[in-house]
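Novice: Sharing target30.txt here; it has compact mmCIF, C-alpha atoms.
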```txt
# COMPACT_ATOMS: atom_id res chain seq x y z
CA MET X 1 1.78 45.28 37.40
CA THR X 2 1.53 47.32 40.58
CA THR X 3 0.04 50.79 40.70
CA PRO X 4 2.60 53.53 39.90
CA THR X 5 3.87 55.62 42.82
CA LYS X 6 1.42 58.25 44.05
CA ARG X 7 2.51 61.84 43.62
CA THR X 8 3.28 62.78 47.22
CA LEU X 9 4.98 65.99 48.24
CA ARG X 10 8.12 63.95 48.86
CA VAL X 11 8.09 62.50 45.34
CA GLU X 12 7.48 65.94 43.84
CA GLN X 13 10.42 67.36 45.79
CA LEU X 14 12.72 64.54 44.72
CA ALA X 15 11.87 65.11 41.05
CA ARG X 16 12.74 68.81 41.40
CA ILE X 17 16.09 68.40 43.15
CA TYR X 18 17.43 65.11 41.80
CA ASP X 19 19.50 66.40 38.88
CA VAL X 20 21.14 69.13 40.96
CA GLU X 21 21.46 67.63 44.45
CA ILE X 22 21.65 63.85 43.98
CA GLY X 23 22.46 62.89 40.41
CA PRO X 24 26.02 64.30 40.26
CA CYS X 25 27.24 62.36 43.32
CA TRP X 26 25.08 59.25 42.92
CA GLY X 27 23.03 58.42 39.84
CA THR X 28 25.55 59.82 37.36
CA ARG X 29 28.41 57.87 38.96
CA PHE X 30 26.55 54.62 38.43
CA GLY X 31 25.18 55.70 35.06
CA LYS X 32 28.66 56.26 33.66
CA MET X 33 29.50 52.66 34.51
CA LEU X 34 26.41 51.49 32.67
CA LEU X 35 27.28 53.58 29.60
CA ARG X 36 30.91 52.46 29.36
CA ASP X 37 31.48 50.72 26.00
CA LEU X 38 27.71 50.52 25.49
CA ALA X 39 26.69 50.11 21.85
CA VAL X 40 23.07 50.26 20.69
CA PRO X 41 22.37 47.80 17.85
CA ALA X 42 21.35 49.33 14.52
CA ARG X 43 17.58 49.87 14.46
CA GLY X 44 17.57 48.44 17.96
CA GLN X 45 14.74 48.31 20.46
CA VAL X 46 15.88 49.58 23.89
CA LEU X 47 14.09 49.37 27.24
CA ASP X 48 15.17 51.68 30.09
CA VAL X 49 13.67 50.43 33.37
CA SER X 50 13.22 52.92 36.24
CA CYS X 51 14.65 55.74 34.15
CA GLY X 52 14.27 58.40 36.87
CA THR X 53 14.96 61.91 35.54
CA GLY X 54 16.58 60.64 32.36
CA TYR X 55 20.20 59.71 32.99
CA PRO X 56 21.45 57.67 31.22
CA THR X 57 18.31 57.79 29.04
CA ILE X 58 19.36 60.89 27.11
CA GLU X 59 22.92 59.60 26.71
CA ILE X 60 21.63 56.35 25.22
CA LEU X 61 19.66 58.36 22.67
CA ARG X 62 22.92 59.86 21.43
CA ARG X 63 24.17 56.39 20.53
CA MET X 64 21.06 55.26 18.72
CA THR X 65 20.98 55.01 14.94
CA ASP X 66 18.05 56.01 12.73
CA GLY X 67 15.18 53.59 13.15
CA SER X 68 16.06 52.70 16.74
CA ARG X 69 13.51 53.15 19.49
CA LEU X 70 13.84 53.69 23.23
CA ILE X 71 11.02 52.90 25.67
CA ALA X 72 11.67 54.42 29.12
CA ILE X 73 9.49 53.58 32.11
CA ASP X 74 9.38 54.81 35.69
CA GLU X 75 6.78 54.37 38.41
CA SER X 76 7.01 58.08 39.28
CA SER X 77 5.09 60.31 36.89
CA ALA X 78 6.85 63.28 38.54
CA MET X 79 10.22 61.89 37.43
CA LEU X 80 8.89 61.30 33.92
CA ASP X 81 7.70 64.90 33.76
CA VAL X 82 11.34 65.93 34.13
CA VAL X 83 12.39 63.55 31.33
CA ARG X 84 9.54 64.82 29.19
CA ARG X 85 10.72 68.40 29.70
CA LYS X 86 14.30 67.47 28.77
CA VAL X 87 13.26 65.62 25.64
CA ALA X 88 10.91 68.40 24.53
CA GLU X 89 13.70 70.95 24.85
CA LEU X 90 16.19 68.82 22.91
CA GLY X 91 14.39 69.06 19.58
CA PRO X 92 14.63 66.68 16.60
CA LEU X 93 17.57 64.45 15.80
CA GLY X 94 16.96 62.34 12.72
CA ASN X 95 14.43 59.61 13.27
CA LYS X 96 15.41 58.77 16.82
CA SER X 97 12.38 58.35 19.10
CA VAL X 98 11.74 57.90 22.80
CA PHE X 99 8.50 56.73 24.34
CA LEU X 100 7.84 57.47 28.01
CA ARG X 101 5.45 55.50 30.18
CA THR X 102 4.48 55.71 33.83
CA ALA X 103 4.79 52.09 34.88
CA SER X 104 6.23 49.96 37.65
CA ALA X 105 8.54 47.01 37.13
CA LEU X 106 6.71 45.14 39.89
CA PRO X 107 5.78 42.39 40.20
CA ARG X 108 7.21 41.96 36.70
CA LEU X 109 7.65 44.00 33.55
CA SER X 110 4.44 44.25 31.50
CA PHE X 111 6.24 43.52 28.24
CA ALA X 112 6.10 40.44 26.05
CA ASP X 113 8.99 38.00 25.91
CA GLU X 114 11.94 38.65 23.60
CA VAL X 115 11.11 42.23 22.54
CA TYR X 116 14.27 44.26 23.23
CA ASP X 117 17.81 44.24 21.88
CA LEU X 118 19.02 46.11 24.96
CA VAL X 119 17.59 46.31 28.50
CA VAL X 120 19.13 48.79 30.93
CA CYS X 121 18.37 49.85 34.49
CA ASN X 122 20.36 52.42 36.45
CA LEU X 123 19.89 51.93 40.21
CA GLY X 124 16.36 50.55 39.85
CA VAL X 125 16.71 46.99 41.11
CA GLY X 126 17.03 48.04 44.77
CA GLY X 127 13.28 48.52 44.97
CA MET X 128 12.55 45.05 43.59
CA PRO X 129 11.97 41.95 45.74
CA SER X 130 15.30 40.43 44.73
CA VAL X 131 18.08 41.13 42.29
CA GLU X 132 17.78 37.57 41.00
CA ASP X 133 14.10 38.07 40.09
CA ALA X 134 14.99 41.33 38.37
CA MET X 135 17.69 39.63 36.27
CA ARG X 136 15.35 36.87 35.16
CA ASP X 137 12.70 39.40 34.16
CA PHE X 138 15.18 41.57 32.27
CA ALA X 139 16.41 38.46 30.46
CA ARG X 140 12.84 37.42 29.68
CA VAL X 141 12.06 40.59 27.70
CA ALA X 142 15.45 40.62 25.93
CA LYS X 143 15.72 39.11 22.46
CA PRO X 144 18.04 36.15 21.87
CA GLY X 145 21.47 37.73 21.51
CA GLY X 146 20.25 40.84 23.36
CA GLU X 147 22.12 42.56 26.17
CA VAL X 148 21.08 43.30 29.75
CA ARG X 149 22.85 45.95 31.83
CA PHE X 150 22.03 47.31 35.26
CA THR X 151 23.79 49.06 38.13
CA LEU X 152 23.38 48.82 41.87
CA PRO X 153 25.22 49.41 45.16
CA MET X 154 26.84 46.23 46.44
CA THR X 155 27.82 44.77 49.78
CA GLY X 156 30.15 47.08 51.66
CA THR X 157 28.25 50.20 50.61
CA PHE X 158 27.76 52.56 53.56
CA ALA X 159 29.75 50.12 55.73
CA GLU X 160 30.94 52.94 58.01
CA ILE X 161 27.44 53.94 59.11
CA HIS X 162 26.34 50.32 59.33
CA ASP X 163 29.27 49.55 61.65
CA LEU X 164 28.50 52.55 63.85
CA TYR X 165 24.85 51.56 63.89
CA ARG X 166 25.71 48.02 64.92
CA GLU X 167 28.00 49.28 67.68
CA VAL X 168 25.26 51.52 69.11
CA LEU X 169 22.60 48.83 68.97
CA THR X 170 24.89 46.23 70.53
CA LYS X 171 25.94 48.57 73.36
CA HIS X 172 22.30 49.25 74.25
CA ASP X 173 21.05 45.65 73.86
CA MET X 174 18.61 46.51 71.07
CA HIS X 175 18.40 42.99 69.66
CA ASP X 176 15.29 43.46 67.50
CA ALA X 177 16.87 46.48 65.85
CA LEU X 178 20.07 44.50 65.30
CA ASP X 179 18.06 41.88 63.44
CA ARG X 180 16.50 44.58 61.28
CA LEU X 181 19.95 46.03 60.58
CA ASP X 182 21.29 42.63 59.51
CA ARG X 183 18.36 42.14 57.13
CA HIS X 184 18.91 45.61 55.69
CA VAL X 185 22.65 45.07 55.11
CA ALA X 186 21.95 41.68 53.52
CA ARG X 187 19.96 43.44 50.78
CA TYR X 188 23.23 44.67 49.26
CA PRO X 189 24.31 41.78 47.02
CA THR X 190 27.76 40.22 46.88
CA PHE X 191 29.84 39.66 43.75
CA ALA X 192 29.21 35.91 44.00
CA GLN X 193 25.47 36.44 44.37
CA LEU X 194 25.34 38.49 41.18
CA GLU X 195 27.35 35.90 39.27
CA ARG X 196 24.95 33.19 40.40
CA GLY X 197 22.05 35.41 39.33
CA LEU X 198 23.52 35.75 35.85
CA ASP X 199 23.73 31.98 35.55
CA ALA X 200 20.17 31.52 36.83
CA ALA X 201 18.90 34.05 34.29
CA GLN X 202 20.86 32.25 31.56
CA LEU X 203 22.92 35.33 30.80
CA THR X 204 26.59 35.19 29.86
CA GLY X 205 28.65 38.03 31.24
CA GLY X 206 30.08 39.43 34.44
CA VAL X 207 30.14 42.18 37.04
CA GLU X 208 32.24 45.36 36.92
CA LEU X 209 33.15 46.97 40.23
CA GLU X 210 34.13 50.50 41.23
CA GLU X 211 34.52 52.19 44.60
CA PHE X 212 34.04 55.83 45.51
CA ALA X 213 33.31 57.84 48.65
CA LEU X 214 30.75 60.39 49.74
CA LEU X 215 32.26 63.02 52.06
CA PHE X 216 30.39 64.94 54.77
CA ARG X 217 31.72 67.65 57.05
CA SER X 218 29.65 66.53 60.05
CA ALA X 219 27.03 64.08 61.23
CA ARG X 220 24.38 66.76 60.73
CA GLU X 221 25.45 67.32 57.12
CA LEU X 222 25.33 63.56 56.54
CA PHE X 223 21.74 63.17 57.63
CA PHE X 224 20.53 66.32 55.87
CA ALA X 225 22.25 65.51 52.56
CA PRO X 226 19.61 64.86 49.85
CA VAL X 227 21.44 61.73 48.66
CA ILE X 228 20.91 60.27 52.15
CA GLU X 229 17.58 61.88 53.01
CA HIS X 230 15.98 60.61 49.80
CA GLY X 231 18.02 57.41 49.80
CA PRO X 232 18.73 55.06 52.72
CA LEU X 233 17.61 57.34 55.58
CA ALA X 234 14.04 56.05 55.65
CA ASP X 235 15.36 52.49 56.03
CA TRP X 236 17.83 53.59 58.71
CA LYS X 237 14.97 55.16 60.65
CA ALA X 238 12.84 52.02 60.33
CA ILE X 239 15.72 49.92 61.68
CA ALA X 240 15.84 52.06 64.84
CA GLY X 241 12.14 51.62 65.53
CA ASP X 242 9.63 54.39 66.06
CA GLY X 243 8.94 57.39 68.23
CA GLN X 244 11.34 58.11 71.08
CA GLU X 245 13.22 54.85 70.55
CA MET X 246 14.22 55.99 67.07
CA GLN X 247 15.17 59.44 68.34
CA ASP X 248 17.39 57.93 71.05
CA VAL X 249 19.25 55.73 68.57
CA PHE X 250 20.08 58.69 66.35
CA TRP X 251 21.32 60.70 69.32
CA TYR X 252 23.74 57.86 70.03
CA ILE X 253 24.77 57.63 66.36
CA LYS X 254 25.42 61.39 66.15
CA GLU X 255 27.55 61.28 69.28
CA ALA X 256 29.50 58.27 67.98
CA ILE X 257 30.28 60.07 64.70
CA ASP X 258 31.35 63.21 66.56
CA ALA X 259 33.52 61.19 68.95
CA TYR X 260 35.28 59.20 66.24
CA PHE X 261 35.71 61.92 63.63
CA GLY X 262 35.55 65.23 65.51
CA ASP X 263 36.26 68.02 63.02
CA ARG X 264 37.46 65.62 60.32
CA PRO X 265 35.20 64.83 57.32
CA PHE X 266 33.06 61.73 57.67
CA HIS X 267 33.09 59.54 54.59
CA LEU X 268 30.85 56.75 53.40
CA THR X 269 32.20 54.10 51.05
CA VAL X 270 30.14 53.18 48.00
CA LYS X 271 30.77 49.86 46.25
CA ALA X 272 29.27 50.32 42.79
CA GLY X 273 28.46 47.37 40.57
CA CYS X 274 27.47 47.11 36.92
CA VAL X 275 26.07 43.76 35.78
CA ILE X 276 26.43 43.05 32.06
CA GLY X 277 24.92 39.92 30.56
CA ARG X 278 24.03 38.67 27.13
CA LYS X 279 21.20 36.31 26.26
CA ALA X 280 22.22 33.34 24.15
CA GLU X 281 21.41 33.30 20.46
CA ARG X 282 18.93 30.68 19.34
CA THR X 283 20.45 27.56 17.81
CA LEU X 284 18.99 25.92 14.72
CA HIS X 285 17.44 23.34 17.03
CA ASP X 286 15.68 26.05 19.03
CA ARG X 287 14.25 27.99 16.08
CA VAL X 288 10.59 27.56 15.27
CA VAL X 289 10.04 25.82 11.93
CA PRO X 290 6.27 25.53 11.52
CA GLU X 291 6.48 22.75 8.93
CA ALA X 292 8.45 20.57 11.36
CA ARG X 293 6.46 21.25 14.56
CA PRO X 294 2.95 20.48 15.74
CA ALA X 295 0.22 22.98 14.96
CA ARG X 296 0.02 24.00 18.60
CA ASP X 297 3.66 25.17 18.57
CA ALA X 298 3.09 27.17 15.39
CA ARG X 299 0.05 28.83 16.96
CA GLU X 300 2.03 29.71 20.08
CA ALA X 301 4.76 31.25 17.92
CA ARG X 302 2.18 33.40 16.11
CA GLU X 303 0.66 34.48 19.42
CA ALA X 304 4.08 35.44 20.79
CA ARG X 305 4.86 37.45 17.66
CA ALA X 306 1.49 39.22 17.87
CA ALA X 307 2.14 40.06 21.53
CA ARG X 308 5.50 41.62 20.64
CA GLU X 309 3.91 43.67 17.85
CA ALA X 310 1.15 44.80 20.20
CA GLU X 311 3.75 45.87 22.76
CA VAL X 312 5.49 48.11 20.24
CA ALA X 313 2.11 49.54 19.23
CA ARG X 314 1.27 50.33 22.86
CA ALA X 315 4.62 52.06 23.28
CA GLN X 316 3.94 54.19 20.22
CA GLY X 317 0.72 55.30 21.83
CA SER X 318 2.66 56.81 24.72
CA VAL X 319 4.86 59.89 24.32
CA ASP X 320 6.58 60.11 20.94
CA VAL X 321 9.25 62.82 20.78
CA ASP X 322 12.23 63.23 18.47
CA VAL X 323 15.41 64.31 20.19
CA ILE X 324 18.78 66.03 19.71
CA THR X 325 21.77 65.98 21.99
CA THR X 326 21.88 69.60 23.20
CA PRO X 327 22.44 69.66 26.99
CA VAL X 328 19.55 71.03 29.03
CA ARG X 329 19.72 72.78 32.40
CA LEU X 330 16.77 72.19 34.72
CA ASP X 331 16.08 74.58 37.54
CA ALA X 332 14.04 74.21 40.71
CA THR X 333 11.04 75.96 39.17
CA ILE X 334 10.22 73.20 36.69
CA GLU X 335 6.48 72.73 36.36
CA LEU X 336 5.25 69.20 36.95
CA ASP X 337 2.02 68.71 35.09
CA PHE X 338 -0.95 66.80 36.46
CA ASP X 339 -4.64 67.52 36.13
CA VAL X 340 -7.70 67.68 38.35
CA GLU X 341 -8.93 64.26 37.22
CA GLU X 342 -5.68 62.64 38.43
CA LEU X 343 -6.06 64.34 41.81
CA ALA X 344 -9.69 63.24 42.12
CA SER X 345 -8.84 59.66 41.19
CA GLY X 346 -6.31 59.34 43.99
CA ASP X 347 -3.32 58.99 41.67
CA ILE X 348 -1.87 62.08 43.35
CA SER X 349 -1.56 62.20 47.11
CA PHE X 350 -0.12 64.81 49.43
CA GLU X 351 -0.32 62.72 52.60
CA ASP X 352 2.68 62.84 54.92
CA GLU X 353 4.96 59.83 54.94
CA ARG X 354 5.22 59.49 58.70
CA ILE X 355 8.47 57.64 59.22
CA ALA X 356 10.35 59.00 56.24
CA ASP X 357 9.46 62.59 57.12
CA ALA X 358 9.97 62.34 60.89
CA GLU X 359 12.53 64.92 62.00
CA LEU X 360 15.57 63.65 63.85
CA ASP X 361 15.91 65.57 67.11
CA ALA X 362 19.66 64.97 67.27
CA PHE X 363 20.20 67.14 64.18
CA ILE X 364 17.90 70.05 64.98
CA GLU X 365 19.93 73.14 65.80
CA GLY X 366 19.79 73.95 69.51
CA LYS X 367 17.99 70.72 70.46
CA LYS X 368 19.13 69.42 73.84
CA ARG X 369 20.10 65.83 74.51
CA PRO X 370 17.24 64.04 76.36
CA HIS X 371 17.88 63.65 80.10
CA HIS X 372 16.83 60.00 80.09
CA LEU X 373 19.71 58.91 77.84
CA ALA X 374 22.46 57.07 79.69
CA ASP X 375 25.96 58.54 79.48
```
As structure tokens, how would this structure be written, given the file I've shared?
Specialist:
Amino acid sequence: MTTPTKRTLRVEQLARIYDVEIGPCWGTRFGKMLLRDLAVPARGQVLDVSCGTGYPTIEILRRMTDGSRLIAIDESSAMLDVVRRKVAELGPLGNKSVFLRTASALPRLSFADEVYDLVVCNLGVGGMPSVEDAMRDFARVAKPGGEVRFTLPMTGTFAEIHDLYREVLTKHDMHDALDRLDRHVARYPTFAQLERGLDAAQLTGGVELEEFALLFRSARELFFAPVIEHGPLADWKAIAGDGQEMQDVFWYIKEAIDAYFGDRPFHLTVKAGCVIGRKAERTLHDRVVPEARPARDAREAREARAAREAEVARAQGSVDVDVITTPVRLDATIELDFDVEELASGDISFEDERIADAELDAFIEGKKRPHHLAD
């Protein structure tokens, strides 16, 4: 497993603003798709991958019966601090329990095979090498008969800005940047790609689709919106290049948006997908019957069972909090706890993220268009 994300200033800021500035127009929209008709098996074991600030984590807890357990992981300890605060303020609700762990899903989940009745992931697969690899790994940790659900933006998402970007790059013969743009757009999977991924992961199910739009009053509002600034903007900057080359591209993009839309709102289309798959039940032929199998197979079965039991024990050693369903309001003054030892160990970093944090000259009030740009 890779090292969890360092606690940079950018990560700390995202944890503080997510529920107010980004969640309502982004994460919650996808999370509601994931929750639709979701049933948690009685006394079920649930894994929430890349849980962020806790939606739909808290909503899943409401559907859990006594004896069920939810393990929620995220690579950002700052995000988990927000979840921890929410859970602590909810109070007890029967015997429902949630265990929080700072952990990355890369290069694969650090859980034994066939542990969970339900595996969910809201908008977390975009940071993984491929959606197909993510599906196989989710299926691996699911029990036979268990369910896998995850959401993600699909091909066609942000098509308006991608088209404008392509037009600008083509007009100015920026072929390397065009190649980078094509690779970026190709990361949004198609419906057919997701269906093939389900088959490859040996999951039976399908893909639900929804479409919605994000509206912005101007190009400047678009690029300063937290959902963009903390979302695809870093990738859009990297496509353009670096330094003055990047600044020039965004001047052209701003002018294209202003020319096409003027005083009208600029909208970005979002193609939302929810993948739902179920792992096949074991047949009688597949079940381990020690008396009818070689000793080596029986030993492997015992080892697998011990690994699953050890995984549950490790989860119990994390954060164990009972919950109720009272809504909680988080404000911008939430305290994110970390100690001096974490800072000294390098787990927390306040280094600038050069490209992601680079200001775009085109959107600075009063900034003049560079003289060297062609009309």
Novice: Could you name the residues that touch range 184-195 of chain X at 9 Å or less, counting only C-alpha atoms, but leaving out those on the same chain fewer than 2 positions away, as JSON, numbers by chain?
Specialist: {"X": [126, 130, 131, 132, 152, 153, 154, 155, 156, 157, 159, 162, 179, 180, 181, 182, 197, 198, 199, 200, 205, 206, 207, 209, 235, 236, 239, 273, 275]}
Novice: Looking at X:His230, X:Arg278, X:Lys368, X:His267, which one is nearest to Phe212 in chain X, with distances taken over all atoms listed in the file?
Specialist: X:His267
Novice: Distance CA of Ala139 in chain X-CA of Ser110 in chain X, one decimal place?
Specialist: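 Pair CA of Ala139 in chain X / CA of Ser110 in chain X returns 13.3 Å.
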Novice: Could you give me, as a PyMOL selection string, the residues that have an atom at most 7 Å away from the point (17.4, 62.8, 34.5) in the coordinates of the file, using only C-alpha atoms?
Specialist: chain X and resi 19+52-55+82-83
Novice: Could you take the residues named above and write them with C-alpha atoms, as a compact mmCIF listing (two decimals), keeping the file's coordinate frame?
Specialist:
```txt
# COMPACT_ATOMS: atom_id res chain seq x y z
CA ASP X 19 19.50 66.40 38.88
CA GLY X 52 14.27 58.40 36.87
CA THR X 53 14.96 61.91 35.54
CA GLY X 54 16.58 60.64 32.36
CA TYR X 55 20.20 59.71 32.99
CA VAL X 82 11.34 65.93 34.13
CA VAL X 83 12.39 63.55 31.33
```
Novice: With all atoms listed in the file as the counted atoms, please give the residues lying no more than 8 Å from range 64-69 of chain X, apart from itself and same-chain residues fewer than 3 positions off, as a PDB file with C-alpha atoms, in the frame of the given file.
Specialist:
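Output (selection-v3.pdb):
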```pdb
ATOM      1  CA  VAL X  40      23.070  50.260  20.690  1.00  0.00           C
ATOM      2  CA  PRO X  41      22.370  47.800  17.850  1.00  0.00           C
ATOM      3  CA  ALA X  42      21.350  49.330  14.520  1.00  0.00           C
ATOM      4  CA  ARG X  43      17.580  49.870  14.460  1.00  0.00           C
ATOM      5  CA  GLY X  44      17.570  48.440  17.960  1.00  0.00           C
ATOM      6  CA  GLN X  45      14.740  48.310  20.460  1.00  0.00           C
ATOM      7  CA  VAL X  46      15.880  49.580  23.890  1.00  0.00           C
ATOM      8  CA  ILE X  60      21.630  56.350  25.220  1.00  0.00           C
ATOM      9  CA  LEU X  61      19.660  58.360  22.670  1.00  0.00           C
ATOM     10  CA  GLY X  94      16.960  62.340  12.720  1.00  0.00           C
ATOM     11  CA  ASN X  95      14.430  59.610  13.270  1.00  0.00           C
ATOM     12  CA  LYS X  96      15.410  58.770  16.820  1.00  0.00           C
ATOM     13  CA  SER X  97      12.380  58.350  19.100  1.00  0.00           C
ATOM     14  CA  VAL X  98      11.740  57.900  22.800  1.00  0.00           C
ATOM     15  CA  PHE X  99       8.500  56.730  24.340  1.00  0.00           C
TER      16      PHE X  99
END
```
Novice: Just checking: using all atoms listed in the file, which residue out of X:Leu123, X:Ala280, X:Leu373, X:Ala142 ends up closest to Thr28 in chain X?
Specialist: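 Of X:Leu123, X:Ala280, X:Leu373, X:Ala142, the one nearest Thr28 in chain X, counting all atoms listed in the file, is X:Leu123.
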Novice: Could you please determine the separation between CA of Met135 in chain X and CA of Thr102 in chain X in Å, to one decimal place?
Specialist: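 Calculated distance between CA of Met135 in chain X and CA of Thr102 in chain X is 21.0 Å.
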Novice: From the set X:Trp26, X:Phe363, X:Tyr165, X:Tyr116, which residue has the shortest atom-to-atom contact distance to Ala213 in chain X, counting only C-alpha atoms?
Specialist: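 Nearest to Ala213 in chain X: X:Trp26.
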Novice: Suppose you want the space between CA of Ala78 in chain X and CA of Ile22 in chain X; what is it in Å?
Specialist: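 Those two atoms sit 15.8 Å apart.
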Novice: Which is closer to Ala219 in chain X than all the others in X:Leu203, X:Leu268, X:Ala234, X:Val120, using only C-alpha atoms?
Specialist: X:Leu268
Novice: Quick one: residues within 12 Å of (29.3, 57.3, 34.2) (file frame), counting all atoms listed in the file, please, as a ChimeraX atom specification.
Specialist: /X:23-38,55-56,59-60,122,151,210,272-274
Novice: Could you give me, as an NGL selection string, the residues within 10 Å of Val49 in chain X, counting only C-alpha atoms and dropping anything in the same chain fewer than 4 positions from it?
Specialist: :X and (57 or 71-75 or 103-105 or 109 or 119-125 or 138 or 150)
Novice: Restricting it to C-alpha atoms, dump the selection as a tab-separated table (two decimals), in the frame of the given file.
Specialist:
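File produced: selection-v3.tsv:
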```
chain	number	residue	atom	x	y	z
X	57	THR	CA	18.31	57.79	29.04
X	71	ILE	CA	11.02	52.90	25.67
X	72	ALA	CA	11.67	54.42	29.12
X	73	ILE	CA	9.49	53.58	32.11
X	74	ASP	CA	9.38	54.81	35.69
X	75	GLU	CA	6.78	54.37	38.41
X	103	ALA	CA	4.79	52.09	34.88
X	104	SER	CA	6.23	49.96	37.65
X	105	ALA	CA	8.54	47.01	37.13
X	109	LEU	CA	7.65	44.00	33.55
X	119	VAL	CA	17.59	46.31	28.50
X	120	VAL	CA	19.13	48.79	30.93
X	121	CYS	CA	18.37	49.85	34.49
X	122	ASN	CA	20.36	52.42	36.45
X	123	LEU	CA	19.89	51.93	40.21
X	124	GLY	CA	16.36	50.55	39.85
X	125	VAL	CA	16.71	46.99	41.11
X	138	PHE	CA	15.18	41.57	32.27
X	150	PHE	CA	22.03	47.31	35.26
```
Novice: Is it possible to get the axis-aligned box enclosing range 226-242 of chain X (all listed atoms, 3 Å extra per side) as lines of an AutoDock Vina configuration file, with centre and edge lengths in Å rounded to one decimal?
Specialist:
```
center_x = 15.5
center_y = 57.4
center_z = 57.4
size_x = 17.8
size_y = 20.9
size_z = 23.4
```
Novice: Nearest to Leu360 in chain X among X:Lys254, X:Arg264, X:Arg282, X:Lys171, with distances taken over all atoms listed in the file: which residue is it?
Specialist: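 Looking only at the distances to Leu360 in chain X, the closest residue turns out to be X:Lys254.
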Novice: Choose the residue, out of X:Ile228, X:Leu47, X:Ala238, X:Ala177, that has the smallest atom-to-atom separation from Glu114 in chain X; count all atoms listed in the file.
Specialist: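 Ranked by minimum distance to Glu114 in chain X, first place goes to X:Leu47.
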Novice: Which residues come within 12 Å of Glu167 in chain X, counting all atoms listed in the file, excluding same-chain residues fewer than 5 positions away, as a PyMOL selection string?
Specialist: chain X and resi 160-162+172-175+177-178+181+249+252-253+256-257
